[in-house]
Structures are given as structure tokens and as C-alpha cells.
Amino acid sequence: MSKINNLMAFLARAIITGLALAFVIVYLWPAVTGGPETPPEGVVSAAPAPASYADAVNLAAPAVVSIYTRAYLASTAERMLNQMKLRAIAAEGSGVIMREDGYILTNEHVIRNVSVISIVLWDGRIVPARIIGSDPSTDLAVLKVDLEGLPVATVKKDGKVSVGDVVLAIGNSLGLSHTVSMGIVSATGRNDLRSLLYQDFIQTDAAINVGNSGGALVN
């Protein structure tokens, strides 16, 4: 019985030693052969992610603005009594400067039925804005500020957007201007989300909060 126990212990040690040696060989094999193994045919190796996205933020953020609005509304009862007592309702959103002479793109619902629009620029300046046009069917609006030489968002018209691309959302999140959150393109070509004339939406999982509406989504 003692011989059998010794034999079993010897075999167990041999098996454990062999497994450990196999693990070391497999783990170190790329280094032994001088580089990583070639991926299987049809598999594309992903480029390493950058250590920082600061360059992208520094390029895009100056063209993003914070939008603060105020609407003056009366309740139904007050209107029926012809009273002029109005309530001021404040809201916030974001926008993107598309032309250096002060044209800003935002969401239509950000400026819907508002009386006063204030724009806070990247450099801290606060300027009034007026509505040039709006389209509820696409939820887009164009604002104008009377300034020149503003930083402009770079738009690559022929840029391809692919599922899995890293994107950064920049906007006035919860009243905190130029907040940056990161995500990926979750889907493209999304349709039938709402009864809009324009379809083909980009879906992302980047964190979006109140105030982000109208802000930039950049690669």
C-alpha cells in the first residue's frame, strides 16, 4: 500500500509540473519566437487605443457652447382671468458653432417656446442669441450670435461611422459646461425611433444628461 501511495504522489507531482511548464511555454511563446502570434486569417488586429483623448477634446470643445433659456408662461387659470402674472421657467442645453460668424446648431426642443436665449462660449463670454430657423420634425434649430472669428467644429462629410468606434460627447451636462463623456457607436442606421421625416440615427452609449441636448458627438 505504501508503494502505491508513493507512486500516486509521484504521478501527481509529475502532472502538476507538466501543466505548469506547459502554461509557461504558452504564455512566453510570442516572446520566444520574437513577437506576437499572427492572428487567424480573416481576423483584423485592432489598433491600440490612445493613452489620452485630450487632443480630440482640445480640438472640438472650443466650438461647443452652453445654452441657457428662459420662458415666461402663465397658467391656464391666469390666462382665463386675463392676469398678466407670468412664471419664468429656466432651462439649459448645448450647441455647436458651425460658422465662425456666429451660426450655431442645436436641438429644436432646447429653444422651443422660449423668450430669452443666452450663449456661454468656451472662453467664458456670455452673449445673447436669436433664432434663425427651427424644424421640429428633425429636432434641429439654428441660432445666431453677433460675433466674428469664433472657433468652428470640424465636420468630415465623407467620414465613415462604424459600430464600435470610440466617441466623445461634449456638452452642458447638468449645467456643467463642456463636460466630456466617452462611449462607443452602439448602432448606426436606427429608424422608426420617432415619427420624424429624417431617419438614419447614430446610437451611442456615451453618458448623456439634461443639458447635453444639442452638444457635440465627436470621434
# chains A, B, ... in the order shown; residues from 1 in each chain; ligands from 1
>>> residues_around(residues="Ala169 in chain A", least_positions_apart="4", cutoff="8 Å", atoms="only C-alpha atoms", output="ChimeraX atom specification")
/A:179-183,206-208,215-218
>>> select_by_dssp(residues="range 84-157 of chain A", states="strand (DSSP E or B)", output="PyMOL selection string")
chain A and resi 87-99+103-106+116-120+126-128+130-135+140-144
>>> residues_around(residues="Ala56 in chain A", least_positions_apart="2", cutoff="10 Å", atoms="only C-alpha atoms", output="list in words")
Ser52, Tyr53, Ala54, Asn58, Leu59, Ala60, Ala61, Val167, Leu168, Val218 and Asn219 of chain A
>>> atom_distance(atom1="CA of Ile202 in chain A", atom2="CA of Lys156 in chain A")
15.5 Å
>>> residues_around(residues="Ala187 in chain A", least_positions_apart="6", cutoff="8 Å", atoms="only C-alpha atoms", output="VMD selection string")
chain A and resid 162 to 163 202 to 204
>>> residues_around(residues="range 108-123 of chain A", least_positions_apart="3", cutoff="10 Å", atoms="only C-alpha atoms", output="number ranges by chain")
A: 61-73, 88-95, 97, 104-105, 126-131, 133-145, 150-151, 172, 177-178, 211-214
>>> atom_distance(atom1="CA of Ile184 in chain A", atom2="CA of Tyr103 in chain A")
28.2 Å
>>> atom_distance(atom1="CA of Lys160 in chain A", atom2="CA of Ser173 in chain A")
27.1 Å
>>> closest_residue(among="A:Val57, A:Arg87, A:Val152, A:Ile132", to="Asp101 in chain A", atoms="only C-alpha atoms")
A:Val152
>>> closest_residue(among="A:Leu86, A:Met98, A:Val185, A:Ala153", to="Val166 in chain A", atoms="only C-alpha atoms")
A:Val185
